[in-house]
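J.: Structure file work-v7.txt (compact mmCIF, C-alpha atoms) right here:
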```txt
# COMPACT_ATOMS: atom_id res chain seq x y z
CA MET A 30 37.39 -32.13 -2.53
CA LEU A 31 36.06 -31.00 0.80
CA GLU A 32 35.37 -27.57 -0.72
CA GLY A 33 32.96 -29.22 -3.15
CA LEU A 34 31.10 -30.86 -0.28
CA TYR A 35 30.83 -27.59 1.62
CA THR A 36 29.64 -25.70 -1.47
CA ALA A 37 26.94 -28.25 -2.27
CA ALA A 38 25.84 -28.38 1.38
CA ALA A 39 25.53 -24.58 1.44
CA GLY A 40 23.39 -24.78 -1.70
CA MET A 41 21.10 -27.36 -0.08
CA ALA A 42 20.71 -25.19 3.03
CA ALA A 43 19.88 -22.14 0.88
CA GLN A 44 17.26 -24.01 -1.13
CA GLN A 45 15.75 -25.40 2.08
CA GLN A 46 15.31 -21.86 3.42
CA ARG A 47 13.75 -20.84 0.13
CA MET A 48 11.38 -23.81 0.29
CA ASP A 49 10.40 -22.92 3.87
CA ALA A 50 9.52 -19.36 2.81
CA LEU A 51 7.50 -20.56 -0.18
CA SER A 52 5.67 -23.14 1.95
CA ASN A 53 4.71 -20.40 4.39
CA ASP A 54 3.41 -18.30 1.48
CA VAL A 55 1.27 -21.16 0.18
CA ALA A 56 -0.08 -21.86 3.68
CA ASN A 57 -1.20 -18.22 3.92
CA VAL A 58 -2.65 -17.86 0.44
CA ASN A 59 -6.11 -17.35 2.00
CA THR A 60 -4.96 -15.12 4.86
CA ALA A 61 -6.39 -11.62 4.48
CA GLY A 62 -3.74 -8.94 4.07
CA TYR A 63 -0.83 -11.42 3.95
CA LYS A 64 2.28 -10.30 2.04
CA ARG A 65 4.53 -12.85 0.36
CA VAL A 66 8.13 -13.34 1.49
CA ARG A 67 10.90 -12.28 -0.90
CA VAL A 68 14.00 -14.51 -0.83
CA GLY A 69 17.29 -13.83 -2.59
CA PHE A 70 20.76 -15.35 -2.63
CA HIS A 71 24.25 -13.98 -2.07
CA ASP A 72 27.71 -15.47 -2.59
CA LEU A 73 29.63 -16.79 0.37
CA ILE A 74 33.29 -15.95 0.87
CA TYR A 75 35.76 -16.51 -1.96
CA GLN A 76 39.26 -17.87 -1.41
CA ARG A 77 42.27 -17.58 -3.69
CA THR A 78 44.31 -20.76 -4.14
CA ALA A 79 48.08 -20.96 -4.49
CA GLY A 80 47.64 -21.05 -8.27
CA GLY A 81 45.77 -17.74 -8.24
CA VAL A 82 42.36 -19.29 -8.86
CA SER A 83 39.40 -17.96 -6.84
CA THR A 84 37.06 -20.61 -5.47
CA GLY A 85 33.73 -19.85 -3.87
CA ALA A 86 32.10 -21.46 -0.86
CA GLY A 87 28.61 -21.57 -2.36
CA ALA A 88 25.58 -19.37 -1.76
CA ALA A 89 23.30 -18.50 1.13
CA ALA A 90 19.66 -17.47 1.17
CA VAL A 91 18.68 -14.08 2.52
CA GLN A 92 15.20 -12.72 3.19
CA LEU A 93 14.65 -9.45 1.33
CA GLY A 94 11.50 -8.50 3.17
CA ARG A 95 7.97 -8.88 1.85
CA GLY A 96 6.32 -8.02 -1.42
CA SER A 97 4.33 -4.81 -1.09
CA ALA A 98 1.99 -5.38 -4.03
CA GLN A 99 -1.68 -4.75 -3.29
CA GLY A 100 -3.71 -7.93 -2.89
CA SER A 101 -6.98 -8.30 -4.74
CA LEU A 102 -10.11 -7.02 -2.98
CA GLN A 103 -12.90 -9.37 -1.95
CA THR A 104 -16.40 -8.06 -1.30
CA THR A 105 -17.85 -9.38 1.97
CA ASP A 106 -20.60 -6.78 2.60
CA GLU A 107 -19.75 -7.06 6.31
CA PRO A 108 -19.86 -3.54 7.83
CA LEU A 109 -16.77 -4.11 9.99
CA ASP A 110 -14.62 -5.61 7.24
CA LEU A 111 -12.09 -3.07 5.97
CA ALA A 112 -9.54 -3.22 3.16
CA VAL A 113 -6.49 -0.96 3.21
CA ILE A 114 -5.85 0.71 -0.14
CA GLY A 115 -2.26 1.88 -0.45
CA ASP A 116 0.70 1.84 1.92
CA GLY A 117 -0.77 1.53 5.39
CA TYR A 118 -1.42 -0.74 8.37
CA PHE A 119 -3.83 -1.05 11.25
CA GLN A 120 -2.10 -0.61 14.59
CA VAL A 121 -3.35 -2.96 17.30
CA ARG A 122 -2.49 -3.90 20.86
CA ARG A 123 -2.09 -7.63 21.44
CA ALA A 124 -4.51 -8.96 24.04
CA GLY A 125 -2.06 -11.43 25.56
CA SER A 126 1.22 -9.51 25.68
CA GLY A 127 0.05 -5.91 25.46
CA GLN A 128 2.58 -5.29 22.70
CA THR A 129 1.78 -3.14 19.69
CA ALA A 130 1.68 -4.79 16.26
CA LEU A 131 0.77 -3.86 12.69
CA THR A 132 -1.56 -5.75 10.36
CA ARG A 133 -3.41 -5.30 7.07
CA ASN A 134 -6.08 -7.83 8.00
CA GLY A 135 -9.17 -5.66 8.37
CA SER A 136 -11.62 -8.30 9.64
CA PHE A 137 -12.97 -6.57 12.75
CA GLN A 138 -15.71 -7.29 15.25
CA LEU A 139 -17.21 -5.85 18.43
CA ASN A 140 -16.37 -7.46 21.75
CA ALA A 141 -18.64 -7.64 24.81
CA ASN A 142 -17.70 -4.06 25.77
CA GLY A 143 -18.49 -2.69 22.31
CA GLN A 144 -14.81 -2.22 21.51
CA LEU A 145 -13.63 -2.69 17.94
CA THR A 146 -11.18 -5.63 17.86
CA THR A 147 -9.56 -7.97 15.40
CA SER A 148 -10.67 -11.59 15.03
CA GLU A 149 -7.83 -12.39 17.48
CA GLY A 150 -9.37 -10.10 20.12
CA ASP A 151 -6.74 -7.38 19.78
CA SER A 152 -7.93 -3.78 20.12
CA LEU A 153 -7.18 -0.93 17.75
CA VAL A 154 -4.74 1.83 18.64
CA PRO A 155 -6.24 4.28 19.49
CA PRO A 156 -9.22 2.24 20.75
CA ILE A 157 -12.72 2.77 19.37
CA THR A 158 -15.82 1.91 21.40
CA VAL A 159 -19.29 1.68 19.89
CA PRO A 160 -22.10 2.70 22.30
CA LYS A 161 -24.64 0.08 23.30
CA GLY A 162 -27.75 -0.14 21.17
CA ILE A 163 -25.92 0.53 17.90
CA ASP A 164 -25.96 -2.44 15.55
CA PRO A 165 -22.88 -3.00 13.35
CA SER A 166 -25.08 -2.70 10.27
CA GLN A 167 -25.71 0.95 11.24
CA ILE A 168 -22.03 1.82 11.23
CA ALA A 169 -20.60 3.67 8.24
CA ILE A 170 -16.83 3.93 7.81
CA ALA A 171 -15.48 6.60 5.48
CA SER A 172 -12.33 6.24 3.39
CA ASP A 173 -10.40 8.30 5.96
CA GLY A 174 -11.43 5.90 8.76
CA THR A 175 -14.15 8.04 10.35
CA LEU A 176 -16.90 5.95 11.98
CA THR A 177 -20.45 7.29 12.14
CA ALA A 178 -23.81 5.83 13.13
CA ALA A 179 -27.18 7.58 13.09
CA GLY A 180 -25.46 10.86 12.35
CA ARG A 181 -23.14 10.48 15.35
CA ARG A 182 -19.35 10.41 15.07
CA LEU A 183 -17.90 7.43 16.96
CA GLY A 184 -14.19 7.86 16.28
CA GLN A 185 -11.59 7.46 13.58
CA ILE A 186 -9.41 4.51 12.60
CA GLN A 187 -5.86 5.78 12.14
CA LEU A 188 -3.72 4.04 9.54
CA VAL A 189 0.03 4.03 10.08
CA THR A 190 3.15 3.13 8.13
CA VAL A 191 6.92 2.86 8.62
CA PRO A 192 9.81 4.28 6.56
CA ALA A 193 10.96 0.81 5.41
CA PRO A 194 8.11 -1.77 5.40
CA THR A 195 10.51 -4.50 4.18
CA GLY A 196 12.24 -4.27 7.57
CA LEU A 197 9.13 -5.29 9.55
CA ALA A 198 9.40 -8.57 11.45
CA ALA A 199 6.66 -11.16 11.01
CA ALA A 200 4.89 -12.01 14.27
CA GLY A 201 2.43 -14.65 12.99
CA ASN A 202 -1.27 -14.46 12.09
CA GLY A 203 -0.60 -11.64 9.64
CA TYR A 204 0.95 -9.40 12.33
CA TYR A 205 4.20 -7.47 12.03
CA THR A 206 6.37 -5.75 14.62
CA VAL A 207 8.56 -2.71 14.21
CA THR A 208 12.34 -3.19 14.09
CA ALA A 209 15.35 -0.91 13.82
CA ALA A 210 15.47 -1.75 10.11
CA SER A 211 11.86 -0.70 9.52
CA GLY A 212 11.98 2.54 11.47
CA GLY A 213 9.32 3.91 13.79
CA VAL A 214 5.58 4.06 13.25
CA ARG A 215 4.08 7.21 11.78
CA ARG A 216 0.63 8.13 10.61
CA THR A 217 -0.01 7.88 6.88
CA THR A 218 -2.20 10.14 4.76
CA THR A 219 -1.78 8.24 1.49
CA ALA A 220 -3.70 5.07 2.45
CA THR A 221 -7.50 4.83 2.50
CA LEU A 222 -10.12 2.31 3.68
CA ASP A 223 -12.83 0.50 1.76
CA GLN A 224 -15.74 -0.75 3.90
CA GLY A 225 -17.32 -4.14 3.33
CA MET A 226 -14.21 -5.54 1.67
CA LEU A 227 -11.07 -7.46 2.62
CA GLU A 228 -7.67 -7.44 0.97
CA SER A 229 -6.63 -10.92 -0.13
CA SER A 230 -3.12 -12.29 0.16
CA ASN A 231 -0.80 -11.07 -2.60
CA VAL A 232 0.62 -14.59 -3.06
CA ASP A 233 0.27 -15.85 -6.63
CA LEU A 234 -0.32 -19.57 -6.07
CA ALA A 235 0.79 -20.58 -9.57
CA ASP A 236 4.10 -18.68 -9.27
CA ALA A 237 4.67 -20.06 -5.77
CA MET A 238 4.18 -23.66 -6.94
CA VAL A 239 6.59 -23.15 -9.87
CA ASP A 240 9.18 -21.66 -7.49
CA MET A 241 8.72 -24.61 -5.12
CA MET A 242 9.42 -27.07 -7.93
CA ASP A 243 12.51 -25.08 -8.93
CA ALA A 244 13.75 -25.07 -5.33
CA GLN A 245 13.14 -28.80 -4.99
CA ARG A 246 15.08 -29.58 -8.18
CA SER A 247 17.95 -27.31 -7.15
CA TYR A 248 18.06 -29.04 -3.78
CA SER A 249 18.13 -32.42 -5.53
CA MET A 250 21.00 -31.33 -7.80
CA ALA A 251 23.05 -30.16 -4.81
CA SER A 252 22.34 -33.49 -3.11
CA LYS A 253 23.61 -35.38 -6.18
CA ALA A 254 26.75 -33.23 -6.19
CA ILE A 255 27.46 -34.33 -2.60
CA HIS A 256 26.91 -37.94 -3.63
CA MET A 257 29.38 -37.58 -6.51
CA GLN A 258 31.94 -35.93 -4.23
CA ASP A 259 31.55 -38.83 -1.80
CA GLN A 260 32.15 -41.34 -4.59
CA MET A 261 35.26 -39.43 -5.74
CA MET A 262 36.65 -39.45 -2.20
CA GLU A 263 35.98 -43.18 -1.96
CA ILE A 264 37.90 -43.77 -5.19
CA ALA A 265 40.76 -41.57 -4.00
CA ASN A 266 40.99 -43.44 -0.73
CA GLY A 267 41.05 -46.74 -2.61
CA VAL A 268 43.92 -45.57 -4.82
CA LYS A 269 45.89 -44.45 -1.78
CA GLN A 270 45.59 -47.88 -0.19
```
Output the file's structure in the form of structure tokens.

T.:
Amino acid sequence: MLEGLYTAAAGMAAQQQRMDALSNDVANVNTAGYKRVRVGFHDLIYQRTAGGVSTGAGAAAVQLGRGSAQGSLQTTDEPLDLAVIGDGYFQVRRAGSGQTALTRNGSFQLNANGQLTTSEGDSLVPPITVPKGIDPSQIAIASDGTLTAAGRRLGQIQLVTVPAPTGLAAAGNGYYTVTAASGGVRRTTTATLDQGMLESSNVDLADAMVDMMDAQRSYSMASKAIHMQDQMMEIANGVKQ
């Protein structure tokens, strides 16, 4: 009987992890460049009883990375808003820690020193500085990331990628960090930029809500299974007495 309790408890834990991932997706449905979390399940260890019957220990949730589908493009007409088309990321240096991170959120601005930064204040890698006297509306950004203003070349935004994007670790605020599973950063030539636009989250809100209801019902069923197992144990204990 205890095996039934453990199996149902494992199912509840798996559905809770699934619900947490879906809740995070829904919370970031309006975050530019956000990629939805992909969650799967795998069987826990099987044991063979004395009668030759194999019994499982339930299932566990496992994160399969993030969906790489392109989010829809929103026109903002802001000269420093950039949407990444294809497999690529902006590489930035975090202002607080100095660590390097990747993001697809292309909402940029100029800081007091004329440096191109994210809305979080993190600078691009390599950094790009706009000379004083140049208004952002004068800046043109080509599909290859080249910045020009008044016929003057200001620099180039370099898009990067990794061998296995699903292995990137989420660092909050739409940032990702490189891991051993993702492989090292390398420059990409397949991705392009679109000025005056932002890439929306690729979370489908309707699908996410349906999946949340499914996870909630599965959690409830596993909870009822534990309740039934508890009642069966109570009956068994009563018979023994």

J.: From the options A:Gln185, A:Asn140, A:Ser252, A:Thr195, which residue's atoms come nearest to Phe119 in chain A, counting only C-alpha atoms?

T.: A:Gln185

J.: Find, counting only C-alpha atoms, the residue in A:Asn134, A:Thr158, A:Ser229, A:Gln44 that gets nearest to Tyr204 in chain A.

T.: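 When distances to Tyr204 in chain A are compared using only C-alpha atoms, the smallest one comes from A:Asn134.
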
J.: Counting all atoms listed in the file, select every polymer residue within 9 Å of (26.8, -28.0, -2.4) as defined in the file's coordinates, and provide the selection as a short mmCIF file (atom, residue, chain, number, x, y, z; two decimals) with C-alpha atoms, keeping the file's coordinate frame.

T.:
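Result file is part-v2.cif:
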```
data_model
loop_
_atom_site.label_atom_id
_atom_site.label_comp_id
_atom_site.auth_asym_id
_atom_site.auth_seq_id
_atom_site.Cartn_x
_atom_site.Cartn_y
_atom_site.Cartn_z
CA GLU A 32 35.37 -27.57 -0.72
CA GLY A 33 32.96 -29.22 -3.15
CA LEU A 34 31.10 -30.86 -0.28
CA TYR A 35 30.83 -27.59 1.62
CA THR A 36 29.64 -25.70 -1.47
CA ALA A 37 26.94 -28.25 -2.27
CA ALA A 38 25.84 -28.38 1.38
CA ALA A 39 25.53 -24.58 1.44
CA GLY A 40 23.39 -24.78 -1.70
CA MET A 41 21.10 -27.36 -0.08
CA ALA A 42 20.71 -25.19 3.03
CA ALA A 86 32.10 -21.46 -0.86
CA GLY A 87 28.61 -21.57 -2.36
CA ALA A 88 25.58 -19.37 -1.76
CA TYR A 248 18.06 -29.04 -3.78
CA MET A 250 21.00 -31.33 -7.80
CA ALA A 251 23.05 -30.16 -4.81
CA SER A 252 22.34 -33.49 -3.11
CA LYS A 253 23.61 -35.38 -6.18
CA ALA A 254 26.75 -33.23 -6.19
CA ILE A 255 27.46 -34.33 -2.60
#
```

J.: Skip Gly115 in chain A itself and residues of its chain fewer than 3 positions away, then list as a ChimeraX atom specification all residues within 8 Å of it, counting all atoms listed in the file.

T.: /A:99,219-221

J.: Could you please determine the separation between CA of Arg95 in chain A and CA of Thr129 in chain A in Å, to one decimal place?

T.: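 That distance, rounded to one decimal, is 19.7 Å.
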
J.: Pick out the closest residue to Gly62 in chain A from this set: A:Ala112, A:Val239, A:Ala50, A:Ile163. Count all atoms listed in the file.

T.: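 Among the listed residues, the smallest separation from Gly62 in chain A belongs to A:Ala112.
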
J.: In terms of the shortest atom-to-atom distance over all atoms listed in the file, which of A:Ala178, A:Val68, A:Ala198, A:Leu139 is closest to Asp54 in chain A?

T.: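 Ranking A:Ala178, A:Val68, A:Ala198, A:Leu139 by distance to Asp54 in chain A, first place goes to A:Val68.
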
J.: May I have the residues within 9 Å of Thr218 in chain A as a PyMOL selection string, using all atoms listed in the file and disregarding those fewer than 3 positions away in the same chain?

T.: chain A and resi 117+173+188-189+221

J.: Considering only C-alpha atoms, can you say which of A:Ala130, A:Ala199, A:Val55, A:Ala98 comes closest to Tyr118 in chain A?

T.: A:Ala130

J.: From the set A:Ser148, A:Gln258, A:Gln224, A:Asn266, which residue has the shortest atom-to-atom contact distance to Leu102 in chain A, counting only C-alpha atoms?

T.: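 Once distances to Leu102 in chain A are computed over only C-alpha atoms, the minimum belongs to A:Gln224.
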
J.: Show which residues sit within 10 Å of Ser97 in chain A, as a VMD selection string. Count only C-alpha atoms, and ignore same-chain residues fewer than 2 positions away.

T.: chain A and resid 63 to 67 94 to 95 99 to 100 115 to 116 194 to 195 231

J.: Can you measure CA of Gly174 in chain A to CA of Gln103 in chain A for me? One decimal in Å is fine.

T.: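 Separating CA of Gly174 in chain A from CA of Gln103 in chain A is a distance of 18.7 Å.
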
J.: Quick check, in Å to one decimal: how far apart do CA of Ala179 in chain A and CA of Glu107 in chain A lie?

T.: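 The value is 17.8 Å.
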
J.: What's around Thr104 in chain A at 8 Å? Count all atoms listed in the file, leave out sequence neighbours fewer than 2 positions away in its own chain, and write the answer as number ranges by chain.

T.: A: 102, 106, 225-227

J.: So which residues touch range 210-215 of chain A within 6 Å, counting only C-alpha atoms, skipping near sequence neighbours fewer than 6 positions away, as an MDAnalysis selection string?

T.: chainID A and resid 189:194 196:197

J.: Export, as a PDB file, keeping the file's coordinate frame, the selected residues with C-alpha atoms.

T.:
```pdb
ATOM      1  CA  VAL A 189       0.030   4.030  10.080  1.00  0.00           C
ATOM      2  CA  THR A 190       3.150   3.130   8.130  1.00  0.00           C
ATOM      3  CA  VAL A 191       6.920   2.860   8.620  1.00  0.00           C
ATOM      4  CA  PRO A 192       9.810   4.280   6.560  1.00  0.00           C
ATOM      5  CA  ALA A 193      10.960   0.810   5.410  1.00  0.00           C
ATOM      6  CA  PRO A 194       8.110  -1.770   5.400  1.00  0.00           C
ATOM      7  CA  GLY A 196      12.240  -4.270   7.570  1.00  0.00           C
ATOM      8  CA  LEU A 197       9.130  -5.290   9.550  1.00  0.00           C
TER       9      LEU A 197
END
```

J.: Could you pull range 154-267 of chain A out of the block above and save it with C-alpha atoms, as a PDB file, in the first residue's frame?

T.:
```pdb
ATOM      1  CA  VAL A 154      29.149  43.150 -25.795  1.00  0.00           C
ATOM      2  CA  PRO A 155      31.091  44.584 -27.567  1.00  0.00           C
ATOM      3  CA  PRO A 156      29.995  48.022 -26.286  1.00  0.00           C
ATOM      4  CA  ILE A 157      28.639  50.681 -28.632  1.00  0.00           C
ATOM      5  CA  THR A 158      28.858  54.383 -27.789  1.00  0.00           C
ATOM      6  CA  VAL A 159      26.913  57.056 -29.654  1.00  0.00           C
ATOM      7  CA  PRO A 160      28.733  60.430 -29.865  1.00  0.00           C
ATOM      8  CA  LYS A 161      27.142  63.426 -28.169  1.00  0.00           C
ATOM      9  CA  GLY A 162      24.841  65.526 -30.297  1.00  0.00           C
ATOM     10  CA  ILE A 163      23.349  62.562 -32.155  1.00  0.00           C
ATOM     11  CA  ASP A 164      19.673  62.043 -31.405  1.00  0.00           C
ATOM     12  CA  PRO A 165      18.374  58.437 -31.314  1.00  0.00           C
ATOM     13  CA  SER A 166      15.937  59.298 -34.099  1.00  0.00           C
ATOM     14  CA  GLN A 167      18.951  59.856 -36.390  1.00  0.00           C
ATOM     15  CA  ILE A 168      20.298  56.362 -35.838  1.00  0.00           C
ATOM     16  CA  ALA A 169      19.719  53.742 -38.526  1.00  0.00           C
ATOM     17  CA  ILE A 170      20.369  50.079 -37.746  1.00  0.00           C
ATOM     18  CA  ALA A 171      20.801  47.687 -40.664  1.00  0.00           C
ATOM     19  CA  SER A 172      19.729  44.045 -40.636  1.00  0.00           C
ATOM     20  CA  ASP A 173      23.343  42.995 -39.970  1.00  0.00           C
ATOM     21  CA  GLY A 174      23.489  45.232 -36.867  1.00  0.00           C
ATOM     22  CA  THR A 175      25.497  48.111 -38.363  1.00  0.00           C
ATOM     23  CA  LEU A 176      24.671  51.475 -36.746  1.00  0.00           C
ATOM     24  CA  THR A 177      24.957  54.668 -38.785  1.00  0.00           C
ATOM     25  CA  ALA A 178      23.978  58.286 -38.206  1.00  0.00           C
ATOM     26  CA  ALA A 179      24.428  61.196 -40.605  1.00  0.00           C
ATOM     27  CA  GLY A 180      26.476  58.991 -42.890  1.00  0.00           C
ATOM     28  CA  ARG A 181      28.824  58.007 -40.060  1.00  0.00           C
ATOM     29  CA  ARG A 182      29.362  54.405 -38.953  1.00  0.00           C
ATOM     30  CA  LEU A 183      28.995  54.081 -35.168  1.00  0.00           C
ATOM     31  CA  GLY A 184      29.577  50.363 -34.692  1.00  0.00           C
ATOM     32  CA  GLN A 185      27.933  47.001 -35.170  1.00  0.00           C
ATOM     33  CA  ILE A 186      25.707  44.940 -32.896  1.00  0.00           C
ATOM     34  CA  GLN A 187      26.966  41.360 -32.946  1.00  0.00           C
ATOM     35  CA  LEU A 188      24.400  38.603 -32.543  1.00  0.00           C
ATOM     36  CA  VAL A 189      25.552  35.341 -31.000  1.00  0.00           C
ATOM     37  CA  THR A 190      24.207  31.840 -30.495  1.00  0.00           C
ATOM     38  CA  VAL A 191      25.155  28.567 -28.785  1.00  0.00           C
ATOM     39  CA  PRO A 192      25.249  24.994 -30.123  1.00  0.00           C
ATOM     40  CA  ALA A 193      22.341  23.867 -27.897  1.00  0.00           C
ATOM     41  CA  PRO A 194      20.000  26.766 -26.938  1.00  0.00           C
ATOM     42  CA  THR A 195      17.795  24.389 -24.894  1.00  0.00           C
ATOM     43  CA  GLY A 196      20.716  24.026 -22.475  1.00  0.00           C
ATOM     44  CA  LEU A 197      20.789  27.733 -21.551  1.00  0.00           C
ATOM     45  CA  ALA A 198      19.979  28.529 -17.920  1.00  0.00           C
ATOM     46  CA  ALA A 199      17.353  31.169 -17.173  1.00  0.00           C
ATOM     47  CA  ALA A 200      18.730  34.105 -15.174  1.00  0.00           C
ATOM     48  CA  GLY A 201      15.528  36.171 -14.804  1.00  0.00           C
ATOM     49  CA  ASN A 202      14.246  39.231 -16.682  1.00  0.00           C
ATOM     50  CA  GLY A 203      14.551  37.412 -20.003  1.00  0.00           C
ATOM     51  CA  TYR A 204      18.284  36.744 -19.525  1.00  0.00           C
ATOM     52  CA  TYR A 205      20.051  33.427 -20.057  1.00  0.00           C
ATOM     53  CA  THR A 206      23.495  32.201 -19.060  1.00  0.00           C
ATOM     54  CA  VAL A 207      25.714  29.713 -20.823  1.00  0.00           C
ATOM     55  CA  THR A 208      26.090  26.229 -19.319  1.00  0.00           C
ATOM     56  CA  ALA A 209      28.056  23.106 -20.175  1.00  0.00           C
ATOM     57  CA  ALA A 210      24.880  21.712 -21.747  1.00  0.00           C
ATOM     58  CA  SER A 211      24.421  24.720 -24.040  1.00  0.00           C
ATOM     59  CA  GLY A 212      28.018  24.986 -25.201  1.00  0.00           C
ATOM     60  CA  GLY A 213      30.034  28.153 -25.673  1.00  0.00           C
ATOM     61  CA  VAL A 214      28.971  31.397 -27.321  1.00  0.00           C
ATOM     62  CA  ARG A 215      29.740  31.899 -30.987  1.00  0.00           C
ATOM     63  CA  ARG A 216      28.811  34.556 -33.486  1.00  0.00           C
ATOM     64  CA  THR A 217      25.858  33.795 -35.747  1.00  0.00           C
ATOM     65  CA  THR A 218      25.427  34.794 -39.376  1.00  0.00           C
ATOM     66  CA  THR A 219      21.915  33.400 -39.811  1.00  0.00           C
ATOM     67  CA  ALA A 220      20.061  35.859 -37.544  1.00  0.00           C
ATOM     68  CA  THR A 221      19.145  39.409 -38.570  1.00  0.00           C
ATOM     69  CA  LEU A 222      17.745  42.521 -36.869  1.00  0.00           C
ATOM     70  CA  ASP A 223      14.603  44.511 -37.568  1.00  0.00           C
ATOM     71  CA  GLN A 224      14.675  48.118 -36.315  1.00  0.00           C
ATOM     72  CA  GLY A 225      11.662  49.725 -34.691  1.00  0.00           C
ATOM     73  CA  MET A 226      10.187  46.383 -33.655  1.00  0.00           C
ATOM     74  CA  LEU A 227      10.215  44.043 -30.666  1.00  0.00           C
ATOM     75  CA  GLU A 228       9.762  40.285 -30.567  1.00  0.00           C
ATOM     76  CA  SER A 229       6.858  39.287 -28.338  1.00  0.00           C
ATOM     77  CA  SER A 230       6.866  36.303 -26.027  1.00  0.00           C
ATOM     78  CA  ASN A 231       6.211  33.014 -27.820  1.00  0.00           C
ATOM     79  CA  VAL A 232       3.807  31.901 -25.064  1.00  0.00           C
ATOM     80  CA  ASP A 233       0.354  31.029 -26.394  1.00  0.00           C
ATOM     81  CA  LEU A 234      -1.874  32.181 -23.532  1.00  0.00           C
ATOM     82  CA  ALA A 235      -4.810  29.960 -24.531  1.00  0.00           C
ATOM     83  CA  ASP A 236      -2.626  26.825 -24.670  1.00  0.00           C
ATOM     84  CA  ALA A 237      -0.956  27.736 -21.381  1.00  0.00           C
ATOM     85  CA  MET A 238      -4.313  28.132 -19.609  1.00  0.00           C
ATOM     86  CA  VAL A 239      -5.549  24.775 -20.953  1.00  0.00           C
ATOM     87  CA  ASP A 240      -2.320  23.105 -19.784  1.00  0.00           C
ATOM     88  CA  MET A 241      -2.718  24.711 -16.350  1.00  0.00           C
ATOM     89  CA  MET A 242      -6.227  23.291 -16.008  1.00  0.00           C
ATOM     90  CA  ASP A 243      -4.952  19.862 -17.059  1.00  0.00           C
ATOM     91  CA  ALA A 244      -2.130  20.042 -14.507  1.00  0.00           C
ATOM     92  CA  GLN A 245      -4.536  21.125 -11.775  1.00  0.00           C
ATOM     93  CA  ARG A 246      -6.921  18.241 -12.483  1.00  0.00           C
ATOM     94  CA  SER A 247      -4.063  15.730 -12.600  1.00  0.00           C
ATOM     95  CA  TYR A 248      -2.814  17.060  -9.271  1.00  0.00           C
ATOM     96  CA  SER A 249      -6.322  16.702  -7.829  1.00  0.00           C
ATOM     97  CA  MET A 250      -6.597  13.097  -9.062  1.00  0.00           C
ATOM     98  CA  ALA A 251      -3.269  12.184  -7.456  1.00  0.00           C
ATOM     99  CA  SER A 252      -4.454  13.823  -4.231  1.00  0.00           C
ATOM    100  CA  LYS A 253      -7.633  11.718  -4.278  1.00  0.00           C
ATOM    101  CA  ALA A 254      -5.541   8.590  -4.839  1.00  0.00           C
ATOM    102  CA  ILE A 255      -3.590   9.376  -1.656  1.00  0.00           C
ATOM    103  CA  HIS A 256      -6.868   9.886   0.193  1.00  0.00           C
ATOM    104  CA  MET A 257      -8.152   6.498  -0.993  1.00  0.00           C
ATOM    105  CA  GLN A 258      -4.894   4.808  -0.005  1.00  0.00           C
ATOM    106  CA  ASP A 259      -5.202   6.365   3.445  1.00  0.00           C
ATOM    107  CA  GLN A 260      -8.747   5.044   3.805  1.00  0.00           C
ATOM    108  CA  MET A 261      -7.635   1.547   2.721  1.00  0.00           C
ATOM    109  CA  MET A 262      -4.851   1.582   5.312  1.00  0.00           C
ATOM    110  CA  GLU A 263      -7.325   2.681   7.964  1.00  0.00           C
ATOM    111  CA  ILE A 264      -9.621  -0.223   7.082  1.00  0.00           C
ATOM    112  CA  ALA A 265      -6.703  -2.661   7.114  1.00  0.00           C
ATOM    113  CA  ASN A 266      -5.591  -1.458  10.524  1.00  0.00           C
ATOM    114  CA  GLY A 267      -9.134  -1.863  11.819  1.00  0.00           C
TER     115      GLY A 267
END
```
